[in-house]
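Trainee: File name coords.cif; file contents mmCIF, N, CA and C atoms; full text below.
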data_my_file
loop_
_atom_site.label_atom_id
_atom_site.label_comp_id
_atom_site.auth_asym_id
_atom_site.auth_seq_id
_atom_site.Cartn_x
_atom_site.Cartn_y
_atom_site.Cartn_z
N MET A 1 183.64 -49.50 52.02
CA MET A 1 183.11 -50.09 53.24
C MET A 1 183.82 -51.43 53.45
N SER A 2 184.33 -51.63 54.65
CA SER A 2 185.06 -52.86 54.94
C SER A 2 184.08 -54.02 55.12
N SER A 3 184.62 -55.21 55.08
CA SER A 3 183.79 -56.41 55.27
C SER A 3 183.11 -56.38 56.64
N ASN A 4 183.85 -55.97 57.65
CA ASN A 4 183.26 -55.92 59.00
C ASN A 4 182.13 -54.90 59.07
N ASP A 5 182.32 -53.76 58.41
CA ASP A 5 181.25 -52.75 58.38
C ASP A 5 180.01 -53.28 57.68
N LEU A 6 180.23 -53.98 56.57
CA LEU A 6 179.12 -54.54 55.81
C LEU A 6 178.37 -55.59 56.63
N ILE A 7 179.11 -56.43 57.33
CA ILE A 7 178.49 -57.45 58.17
C ILE A 7 177.72 -56.80 59.31
N GLU A 8 178.29 -55.76 59.90
CA GLU A 8 177.61 -55.05 60.99
C GLU A 8 176.32 -54.39 60.49
N LEU A 9 176.38 -53.77 59.31
CA LEU A 9 175.20 -53.16 58.72
C LEU A 9 174.15 -54.23 58.41
N PHE A 10 174.60 -55.35 57.88
CA PHE A 10 173.69 -56.46 57.59
C PHE A 10 173.00 -56.92 58.87
N ASP A 11 173.76 -57.10 59.94
CA ASP A 11 173.18 -57.53 61.22
C ASP A 11 172.09 -56.57 61.67
N THR A 12 172.36 -55.28 61.57
CA THR A 12 171.40 -54.25 61.98
C THR A 12 170.13 -54.33 61.13
N GLU A 13 170.30 -54.44 59.82
CA GLU A 13 169.15 -54.49 58.91
C GLU A 13 168.35 -55.78 59.10
N PHE A 14 169.03 -56.88 59.36
CA PHE A 14 168.32 -58.14 59.57
C PHE A 14 167.53 -58.10 60.87
N ILE A 15 168.08 -57.51 61.90
CA ILE A 15 167.35 -57.37 63.17
C ILE A 15 166.10 -56.51 62.96
N LYS A 16 166.22 -55.43 62.17
CA LYS A 16 165.05 -54.61 61.85
C LYS A 16 163.98 -55.46 61.16
N LEU A 17 164.41 -56.30 60.22
CA LEU A 17 163.48 -57.16 59.49
C LEU A 17 162.79 -58.14 60.44
N GLU A 18 163.55 -58.79 61.29
CA GLU A 18 162.96 -59.73 62.25
C GLU A 18 161.93 -59.03 63.13
N ASN A 19 162.27 -57.84 63.60
CA ASN A 19 161.34 -57.08 64.45
C ASN A 19 160.05 -56.74 63.71
N LEU A 20 160.18 -56.27 62.47
CA LEU A 20 159.00 -55.93 61.68
C LEU A 20 158.10 -57.15 61.46
N VAL A 21 158.71 -58.26 61.11
CA VAL A 21 157.94 -59.48 60.85
C VAL A 21 157.29 -59.99 62.13
N ASN A 22 158.02 -59.93 63.23
CA ASN A 22 157.49 -60.44 64.49
C ASN A 22 156.41 -59.54 65.09
N GLU A 23 156.33 -58.29 64.65
CA GLU A 23 155.30 -57.36 65.13
C GLU A 23 153.95 -57.56 64.43
N ILE A 24 153.95 -58.31 63.36
CA ILE A 24 152.74 -58.47 62.56
C ILE A 24 151.69 -59.25 63.34
N THR A 25 150.49 -58.71 63.36
CA THR A 25 149.34 -59.45 63.88
C THR A 25 148.34 -59.52 62.75
N LEU A 26 148.23 -60.68 62.18
CA LEU A 26 147.42 -60.85 60.97
C LEU A 26 145.94 -61.04 61.25
N GLU A 27 145.56 -61.04 62.53
CA GLU A 27 144.14 -61.17 62.85
C GLU A 27 143.40 -59.89 62.45
N ASN A 28 144.10 -58.77 62.48
CA ASN A 28 143.50 -57.49 62.14
C ASN A 28 144.02 -57.01 60.79
N GLU A 29 143.33 -56.04 60.24
CA GLU A 29 143.78 -55.43 58.99
C GLU A 29 145.13 -54.75 59.24
N LEU A 30 146.08 -55.00 58.37
CA LEU A 30 147.40 -54.39 58.51
C LEU A 30 147.41 -52.99 57.91
N PRO A 31 148.00 -52.04 58.62
CA PRO A 31 148.13 -50.70 58.04
C PRO A 31 149.06 -50.74 56.82
N VAL A 32 148.75 -49.94 55.83
CA VAL A 32 149.52 -49.90 54.60
C VAL A 32 150.99 -49.60 54.87
N ASN A 33 151.25 -48.64 55.76
CA ASN A 33 152.65 -48.28 56.03
C ASN A 33 153.43 -49.45 56.63
N GLN A 34 152.77 -50.29 57.41
CA GLN A 34 153.44 -51.46 57.98
C GLN A 34 153.77 -52.47 56.88
N ILE A 35 152.85 -52.67 55.97
CA ILE A 35 153.07 -53.60 54.86
C ILE A 35 154.24 -53.12 54.00
N VAL A 36 154.22 -51.86 53.64
CA VAL A 36 155.29 -51.30 52.80
C VAL A 36 156.64 -51.40 53.51
N SER A 37 156.67 -51.10 54.80
CA SER A 37 157.93 -51.18 55.56
C SER A 37 158.51 -52.59 55.55
N ILE A 38 157.65 -53.57 55.73
CA ILE A 38 158.11 -54.96 55.75
C ILE A 38 158.71 -55.37 54.40
N TYR A 39 158.00 -55.06 53.32
CA TYR A 39 158.51 -55.45 52.00
C TYR A 39 159.75 -54.66 51.61
N TYR A 40 159.82 -53.42 52.03
CA TYR A 40 161.04 -52.63 51.80
C TYR A 40 162.21 -53.30 52.51
N GLN A 41 162.01 -53.69 53.77
CA GLN A 41 163.09 -54.28 54.54
C GLN A 41 163.49 -55.64 54.01
N ILE A 42 162.53 -56.43 53.56
CA ILE A 42 162.83 -57.74 52.93
C ILE A 42 163.72 -57.52 51.71
N THR A 43 163.34 -56.57 50.88
CA THR A 43 164.11 -56.27 49.67
C THR A 43 165.50 -55.78 50.02
N ASN A 44 165.58 -54.94 51.03
CA ASN A 44 166.86 -54.40 51.48
C ASN A 44 167.79 -55.53 51.94
N VAL A 45 167.30 -56.40 52.80
CA VAL A 45 168.13 -57.49 53.33
C VAL A 45 168.50 -58.47 52.21
N THR A 46 167.56 -58.78 51.33
CA THR A 46 167.85 -59.69 50.22
C THR A 46 168.94 -59.12 49.31
N SER A 47 168.86 -57.82 49.04
CA SER A 47 169.89 -57.17 48.21
C SER A 47 171.25 -57.21 48.92
N MET A 48 171.23 -56.98 50.22
CA MET A 48 172.49 -57.02 50.97
C MET A 48 173.10 -58.42 50.94
N ILE A 49 172.27 -59.44 51.01
CA ILE A 49 172.77 -60.82 50.94
C ILE A 49 173.51 -61.04 49.62
N GLU A 50 172.92 -60.58 48.53
CA GLU A 50 173.55 -60.76 47.21
C GLU A 50 174.90 -60.04 47.14
N VAL A 51 174.94 -58.82 47.66
CA VAL A 51 176.20 -58.05 47.66
C VAL A 51 177.23 -58.74 48.53
N MET A 52 176.80 -59.16 49.71
CA MET A 52 177.75 -59.78 50.64
C MET A 52 178.30 -61.10 50.10
N LYS A 53 177.49 -61.86 49.41
CA LYS A 53 177.97 -63.12 48.84
C LYS A 53 179.09 -62.86 47.84
N GLN A 54 179.03 -61.73 47.17
CA GLN A 54 180.03 -61.41 46.16
C GLN A 54 181.28 -60.76 46.75
N GLN A 55 181.12 -60.03 47.85
CA GLN A 55 182.22 -59.21 48.35
C GLN A 55 182.97 -59.78 49.54
N ILE A 56 182.36 -60.69 50.27
CA ILE A 56 182.98 -61.14 51.50
C ILE A 56 183.46 -62.58 51.34
N ASP A 57 184.57 -62.86 51.97
CA ASP A 57 185.18 -64.18 51.91
C ASP A 57 184.21 -65.24 52.43
N ASN A 58 183.81 -66.13 51.54
CA ASN A 58 182.84 -67.16 51.89
C ASN A 58 183.39 -68.24 52.80
N SER A 59 184.69 -68.23 53.03
CA SER A 59 185.26 -69.26 53.90
C SER A 59 184.99 -68.96 55.38
N ASP A 60 184.53 -67.75 55.68
CA ASP A 60 184.20 -67.36 57.05
C ASP A 60 182.88 -68.05 57.45
N SER A 61 182.98 -69.03 58.35
CA SER A 61 181.79 -69.81 58.70
C SER A 61 180.73 -68.97 59.43
N SER A 62 181.13 -67.99 60.22
CA SER A 62 180.12 -67.16 60.90
C SER A 62 179.37 -66.32 59.88
N PHE A 63 180.05 -65.87 58.84
CA PHE A 63 179.40 -65.12 57.76
C PHE A 63 178.41 -66.01 57.03
N ARG A 64 178.84 -67.22 56.66
CA ARG A 64 177.95 -68.15 55.96
C ARG A 64 176.72 -68.47 56.82
N GLU A 65 176.91 -68.61 58.11
CA GLU A 65 175.80 -68.91 59.01
C GLU A 65 174.81 -67.74 59.08
N LYS A 66 175.32 -66.50 59.13
CA LYS A 66 174.44 -65.31 59.14
C LYS A 66 173.59 -65.26 57.88
N ILE A 67 174.23 -65.48 56.75
CA ILE A 67 173.53 -65.46 55.46
C ILE A 67 172.49 -66.57 55.41
N SER A 68 172.87 -67.74 55.81
CA SER A 68 171.96 -68.89 55.79
C SER A 68 170.76 -68.65 56.71
N ASN A 69 171.01 -68.12 57.89
CA ASN A 69 169.91 -67.82 58.83
C ASN A 69 168.94 -66.80 58.23
N ALA A 70 169.50 -65.77 57.61
CA ALA A 70 168.65 -64.73 57.00
C ALA A 70 167.85 -65.31 55.84
N GLU A 71 168.50 -66.08 54.98
CA GLU A 71 167.79 -66.68 53.85
C GLU A 71 166.69 -67.63 54.32
N ASN A 72 166.96 -68.42 55.34
CA ASN A 72 165.94 -69.33 55.89
C ASN A 72 164.78 -68.56 56.50
N PHE A 73 165.08 -67.50 57.22
CA PHE A 73 164.04 -66.68 57.84
C PHE A 73 163.13 -66.10 56.76
N ILE A 74 163.74 -65.52 55.73
CA ILE A 74 162.97 -64.92 54.64
C ILE A 74 162.15 -65.99 53.91
N SER A 75 162.80 -67.09 53.59
CA SER A 75 162.13 -68.14 52.83
C SER A 75 161.04 -68.83 53.64
N LYS A 76 161.39 -69.34 54.80
CA LYS A 76 160.46 -70.18 55.55
C LYS A 76 159.43 -69.38 56.34
N LYS A 77 159.86 -68.33 57.00
CA LYS A 77 158.90 -67.60 57.84
C LYS A 77 158.13 -66.56 57.02
N PHE A 78 158.83 -65.81 56.19
CA PHE A 78 158.14 -64.74 55.48
C PHE A 78 157.47 -65.22 54.21
N ASN A 79 158.25 -65.76 53.28
CA ASN A 79 157.71 -66.10 51.96
C ASN A 79 156.59 -67.14 52.00
N TYR A 80 156.69 -68.10 52.91
CA TYR A 80 155.72 -69.20 52.90
C TYR A 80 154.67 -69.11 54.00
N ILE A 81 154.84 -68.22 54.96
CA ILE A 81 153.83 -68.09 56.02
C ILE A 81 153.22 -66.69 56.02
N ILE A 82 154.05 -65.68 56.21
CA ILE A 82 153.57 -64.31 56.38
C ILE A 82 153.07 -63.70 55.06
N HIS A 83 153.86 -63.81 54.01
CA HIS A 83 153.51 -63.19 52.72
C HIS A 83 152.13 -63.64 52.22
N PRO A 84 151.83 -64.95 52.19
CA PRO A 84 150.49 -65.36 51.74
C PRO A 84 149.37 -64.79 52.62
N LYS A 85 149.62 -64.70 53.91
CA LYS A 85 148.61 -64.15 54.82
C LYS A 85 148.41 -62.65 54.57
N ILE A 86 149.48 -61.95 54.25
CA ILE A 86 149.36 -60.52 53.91
C ILE A 86 148.53 -60.37 52.64
N MET A 87 148.77 -61.24 51.65
CA MET A 87 147.98 -61.19 50.41
C MET A 87 146.49 -61.39 50.72
N VAL A 88 146.17 -62.35 51.56
CA VAL A 88 144.77 -62.62 51.93
C VAL A 88 144.20 -61.42 52.69
N ASN A 89 145.00 -60.87 53.60
CA ASN A 89 144.58 -59.72 54.39
C ASN A 89 144.22 -58.54 53.49
N ILE A 90 145.06 -58.28 52.51
CA ILE A 90 144.83 -57.17 51.58
C ILE A 90 143.57 -57.44 50.75
N THR A 91 143.44 -58.65 50.23
CA THR A 91 142.27 -59.01 49.42
C THR A 91 140.98 -58.87 50.23
N ASN A 92 141.01 -59.31 51.47
CA ASN A 92 139.84 -59.19 52.34
C ASN A 92 139.50 -57.72 52.61
N SER A 93 140.51 -56.91 52.83
CA SER A 93 140.29 -55.47 53.07
C SER A 93 139.63 -54.82 51.85
N ILE A 94 140.12 -55.16 50.67
CA ILE A 94 139.55 -54.61 49.44
C ILE A 94 138.09 -55.04 49.30
N SER A 95 137.80 -56.31 49.57
CA SER A 95 136.42 -56.81 49.47
C SER A 95 135.51 -56.10 50.45
N THR A 96 135.97 -55.94 51.68
CA THR A 96 135.16 -55.28 52.72
C THR A 96 134.84 -53.84 52.34
N ILE A 97 135.84 -53.12 51.91
CA ILE A 97 135.63 -51.71 51.54
C ILE A 97 134.70 -51.62 50.33
N THR A 98 134.92 -52.49 49.35
CA THR A 98 134.08 -52.49 48.15
C THR A 98 132.62 -52.78 48.51
N GLU A 99 132.41 -53.75 49.38
CA GLU A 99 131.05 -54.07 49.83
C GLU A 99 130.42 -52.88 50.56
N ASN A 100 131.20 -52.23 51.40
CA ASN A 100 130.70 -51.04 52.12
C ASN A 100 130.30 -49.94 51.15
N LEU A 101 131.12 -49.72 50.16
CA LEU A 101 130.82 -48.68 49.17
C LEU A 101 129.58 -49.04 48.36
N GLN A 102 129.43 -50.30 48.00
CA GLN A 102 128.28 -50.73 47.21
C GLN A 102 126.99 -50.65 48.02
N SER A 103 127.09 -50.81 49.32
CA SER A 103 125.88 -50.80 50.15
C SER A 103 125.39 -49.39 50.48
N LEU A 104 126.21 -48.39 50.21
CA LEU A 104 125.80 -47.01 50.50
C LEU A 104 124.69 -46.58 49.54
N ASN A 105 123.72 -45.94 50.07
CA ASN A 105 122.59 -45.46 49.26
C ASN A 105 123.07 -44.27 48.42
N SER A 106 122.89 -44.38 47.12
CA SER A 106 123.39 -43.31 46.25
C SER A 106 122.40 -42.15 46.10
N GLU A 107 121.28 -42.23 46.73
CA GLU A 107 120.30 -41.15 46.68
C GLU A 107 120.60 -40.13 47.78
N GLN A 108 120.26 -38.92 47.58
CA GLN A 108 120.29 -37.86 48.59
C GLN A 108 121.30 -38.12 49.72
N LYS A 109 122.53 -37.76 49.47
CA LYS A 109 123.57 -37.99 50.47
C LYS A 109 123.84 -36.72 51.26
N SER A 110 124.08 -36.89 52.53
CA SER A 110 124.46 -35.75 53.36
C SER A 110 125.94 -35.47 53.11
N LYS A 111 126.37 -34.32 53.56
CA LYS A 111 127.78 -33.95 53.41
C LYS A 111 128.65 -34.97 54.14
N GLU A 112 128.22 -35.40 55.30
CA GLU A 112 128.97 -36.38 56.09
C GLU A 112 129.09 -37.72 55.36
N THR A 113 128.01 -38.16 54.73
CA THR A 113 128.01 -39.41 53.98
C THR A 113 128.97 -39.32 52.80
N ILE A 114 128.94 -38.19 52.12
CA ILE A 114 129.84 -37.99 50.98
C ILE A 114 131.29 -38.00 51.44
N GLU A 115 131.56 -37.35 52.57
CA GLU A 115 132.93 -37.33 53.10
C GLU A 115 133.39 -38.72 53.50
N ASN A 116 132.51 -39.48 54.15
CA ASN A 116 132.85 -40.86 54.54
C ASN A 116 133.10 -41.74 53.32
N GLU A 117 132.27 -41.55 52.32
CA GLU A 117 132.42 -42.32 51.08
C GLU A 117 133.76 -41.98 50.42
N ALA A 118 134.11 -40.71 50.40
CA ALA A 118 135.38 -40.28 49.81
C ALA A 118 136.56 -40.91 50.56
N LYS A 119 136.44 -40.99 51.89
CA LYS A 119 137.50 -41.61 52.69
C LYS A 119 137.62 -43.09 52.36
N LEU A 120 136.49 -43.74 52.18
CA LEU A 120 136.52 -45.16 51.82
C LEU A 120 137.17 -45.37 50.44
N TYR A 121 136.82 -44.51 49.49
CA TYR A 121 137.45 -44.61 48.16
C TYR A 121 138.96 -44.38 48.25
N GLU A 122 139.37 -43.43 49.07
CA GLU A 122 140.80 -43.16 49.24
C GLU A 122 141.50 -44.37 49.86
N LYS A 123 140.89 -44.95 50.87
CA LYS A 123 141.46 -46.13 51.51
C LYS A 123 141.53 -47.29 50.52
N LEU A 124 140.48 -47.46 49.74
CA LEU A 124 140.46 -48.52 48.73
C LEU A 124 141.59 -48.33 47.73
N ARG A 125 141.77 -47.11 47.26
CA ARG A 125 142.86 -46.82 46.31
C ARG A 125 144.22 -47.15 46.93
N GLU A 126 144.40 -46.76 48.18
CA GLU A 126 145.67 -46.99 48.87
C GLU A 126 145.93 -48.49 49.03
N ILE A 127 144.92 -49.24 49.42
CA ILE A 127 145.10 -50.68 49.61
C ILE A 127 145.32 -51.38 48.27
N MET A 128 144.64 -50.94 47.23
CA MET A 128 144.83 -51.54 45.90
C MET A 128 146.24 -51.27 45.39
N SER A 129 146.76 -50.08 45.64
CA SER A 129 148.14 -49.77 45.26
C SER A 129 149.12 -50.65 46.02
N THR A 130 148.83 -50.86 47.29
CA THR A 130 149.68 -51.71 48.11
C THR A 130 149.63 -53.15 47.60
N LYS A 131 148.45 -53.58 47.19
CA LYS A 131 148.32 -54.94 46.64
C LYS A 131 149.20 -55.09 45.40
N GLU A 132 149.23 -54.09 44.55
CA GLU A 132 150.09 -54.15 43.35
C GLU A 132 151.56 -54.24 43.76
N PHE A 133 151.95 -53.48 44.77
CA PHE A 133 153.32 -53.49 45.29
C PHE A 133 153.67 -54.89 45.80
N VAL A 134 152.77 -55.50 46.57
CA VAL A 134 152.99 -56.82 47.14
C VAL A 134 152.99 -57.88 46.03
N LYS A 135 152.16 -57.71 45.01
CA LYS A 135 152.12 -58.66 43.89
C LYS A 135 153.44 -58.65 43.12
N GLN A 136 154.11 -57.51 43.07
CA GLN A 136 155.43 -57.46 42.42
C GLN A 136 156.40 -58.36 43.17
N TYR A 137 156.36 -58.32 44.49
CA TYR A 137 157.21 -59.20 45.29
C TYR A 137 156.83 -60.65 45.01
N ASP A 138 155.53 -60.91 44.97
CA ASP A 138 155.02 -62.24 44.73
C ASP A 138 155.50 -62.78 43.38
N SER A 139 155.48 -61.93 42.36
CA SER A 139 155.94 -62.40 41.05
C SER A 139 157.44 -62.66 41.05
N GLY A 140 158.19 -61.95 41.89
CA GLY A 140 159.61 -62.24 42.05
C GLY A 140 159.84 -63.61 42.67
N LEU A 141 158.96 -64.00 43.57
CA LEU A 141 159.06 -65.34 44.18
C LEU A 141 158.80 -66.41 43.14
N SER A 142 157.87 -66.15 42.25
CA SER A 142 157.52 -67.12 41.21
C SER A 142 158.67 -67.34 40.24
N ASN A 143 159.51 -66.32 40.10
CA ASN A 143 160.62 -66.42 39.15
C ASN A 143 161.85 -67.09 39.75
N ASP A 144 161.85 -67.28 41.06
CA ASP A 144 163.02 -67.91 41.72
C ASP A 144 163.07 -69.39 41.49
#
Go ahead and render the structure in this file as structure tokens.
Mentor:
Amino acid sequence: MSSNDLIELFDTEFIKLENLVNEITLENELPVNQIVSIYYQITNVTSMIEVMKQQIDNSDSSFREKISNAENFISKKFNYIIHPKIMVNITNSISTITENLQSLNSEQKSKETIENEAKLYEKLREIMSTKEFVKQYDSGLSND
């Protein structure tokens, strides 16, 4: 892959990342697939930055500016603003679901109640798995 192809691919992936981050509305519970997509794209762009730093001539000022803009976006907008809010959002979702499950009467349940409870447990499992995924990213930040 040529340097120009790599830069073009990087531009495309960074635009995807910006769009994903800018689509976030943290007032509501975030869907798991949206959270996973954002962290996947952050990891993708970060990995591309590392590869590009090694493979492309650093004397190209437009290249250095693209890298710097991406690093600043990830660091300032995502890592210090969005990421902590996602962590809080996930924690709040887990608390809400747990409270809902605890408040359900465990006596004589209808089929519908059992099905709803099962859905809540499934959602709780999914959100807890997502929290572990996000915590891995968080621990990577702590190591930087």
Trainee: Rank A:Met87, A:Ile127, A:Leu101, A:Leu141 by their smallest atom-to-atom distance to A:Leu26, using only C-alpha atoms, and report the top residue only.
Mentor: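 Closest candidate: A:Met87.
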Trainee: Run through the PyMOL selection byres ((chain A and resi 115-124) around 8) on the given coordinates and return the selected residues as a list of chain:residue names.
Mentor: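 When the PyMOL selection byres ((chain A and resi 115-124) around 8) is applied, the selected residues are A:Ser93, A:Ile94, A:Ile97, A:Thr98, A:Asn100, A:Leu101, A:Lys109, A:Ser110, A:Lys111, A:Glu112, A:Thr113, A:Ile114, A:Arg125, A:Glu126, A:Ile127, A:Met128, A:Ser129, A:Thr130.
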Trainee: Mind checking which residues fall within 9 Å of A:Phe78, counting only C-alpha atoms, ignoring those fewer than 6 positions away in the same chain, and posting them as a tab-separated table (two decimals) with N, CA and C atoms, keeping the file's coordinate frame?
Mentor:
chain	number	residue	atom	x	y	z
A	21	VAL	N	158.71	-58.26	61.11
A	21	VAL	CA	157.94	-59.48	60.85
A	21	VAL	C	157.29	-59.99	62.13
A	42	ILE	N	162.53	-56.43	53.56
A	42	ILE	CA	162.83	-57.74	52.93
A	42	ILE	C	163.72	-57.52	51.71
A	84	PRO	N	151.83	-64.95	52.19
A	84	PRO	CA	150.49	-65.36	51.74
A	84	PRO	C	149.37	-64.79	52.62
Trainee: Please measure the separation of atom CA of A:Ser142 and atom CA of A:Thr43, giving the value in Å to one decimal.
Mentor: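 Separating atom CA of A:Ser142 from atom CA of A:Thr43 is a distance of 15.3 Å.
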Trainee: Using atom N of A:Phe10 and atom N of A:Ser37 as the two end points, give the distance in Å to one decimal.
Mentor: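 We find that atom N of A:Phe10 and atom N of A:Ser37 lie 18.7 Å from each other.
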Trainee: Compare A:Pro31, A:Ile90, A:Ile7, A:Val134 by their minimum atom-to-atom distance to A:Phe63, counting only N, CA and C atoms, and give me the closest one.
Mentor: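 Distance minimum relative to A:Phe63 lands on A:Ile7.
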Trainee: Please identify the helix (DSSP H, G or I) residues within chain A (assignment by DSSP from backbone atoms) and present them as a ChimeraX atom specification.
Mentor: /A:3-22,32-55,61-103,111-143
Trainee: Calculate, to one decimal in Å, the centre and edge lengths of the box along x, y and z of the file that holds all listed atoms of stretch 108-122 of chain A with 6 Å of margin on each side, and present them as lines of an AutoDock Vina configuration file.
Mentor:
center_x = 130.9
center_y = -39.7
center_z = 51.8
size_x = 33.2
size_y = 23.4
size_z = 20.5
Trainee: Using only N, CA and C atoms for the distances, tell me which of A:Leu17, A:Ile56, A:Leu9, A:Ile24 is nearest to A:Gln41.
Mentor: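 Counting only N, CA and C atoms, the residue closest to A:Gln41 is A:Leu17.
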Trainee: Between atom CA of A:Ile67 and atom N of A:Asn143, what distance in Å does the model show, to one decimal?
Mentor: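 Taking atom CA of A:Ile67 and atom N of A:Asn143, their separation equals 20.8 Å.
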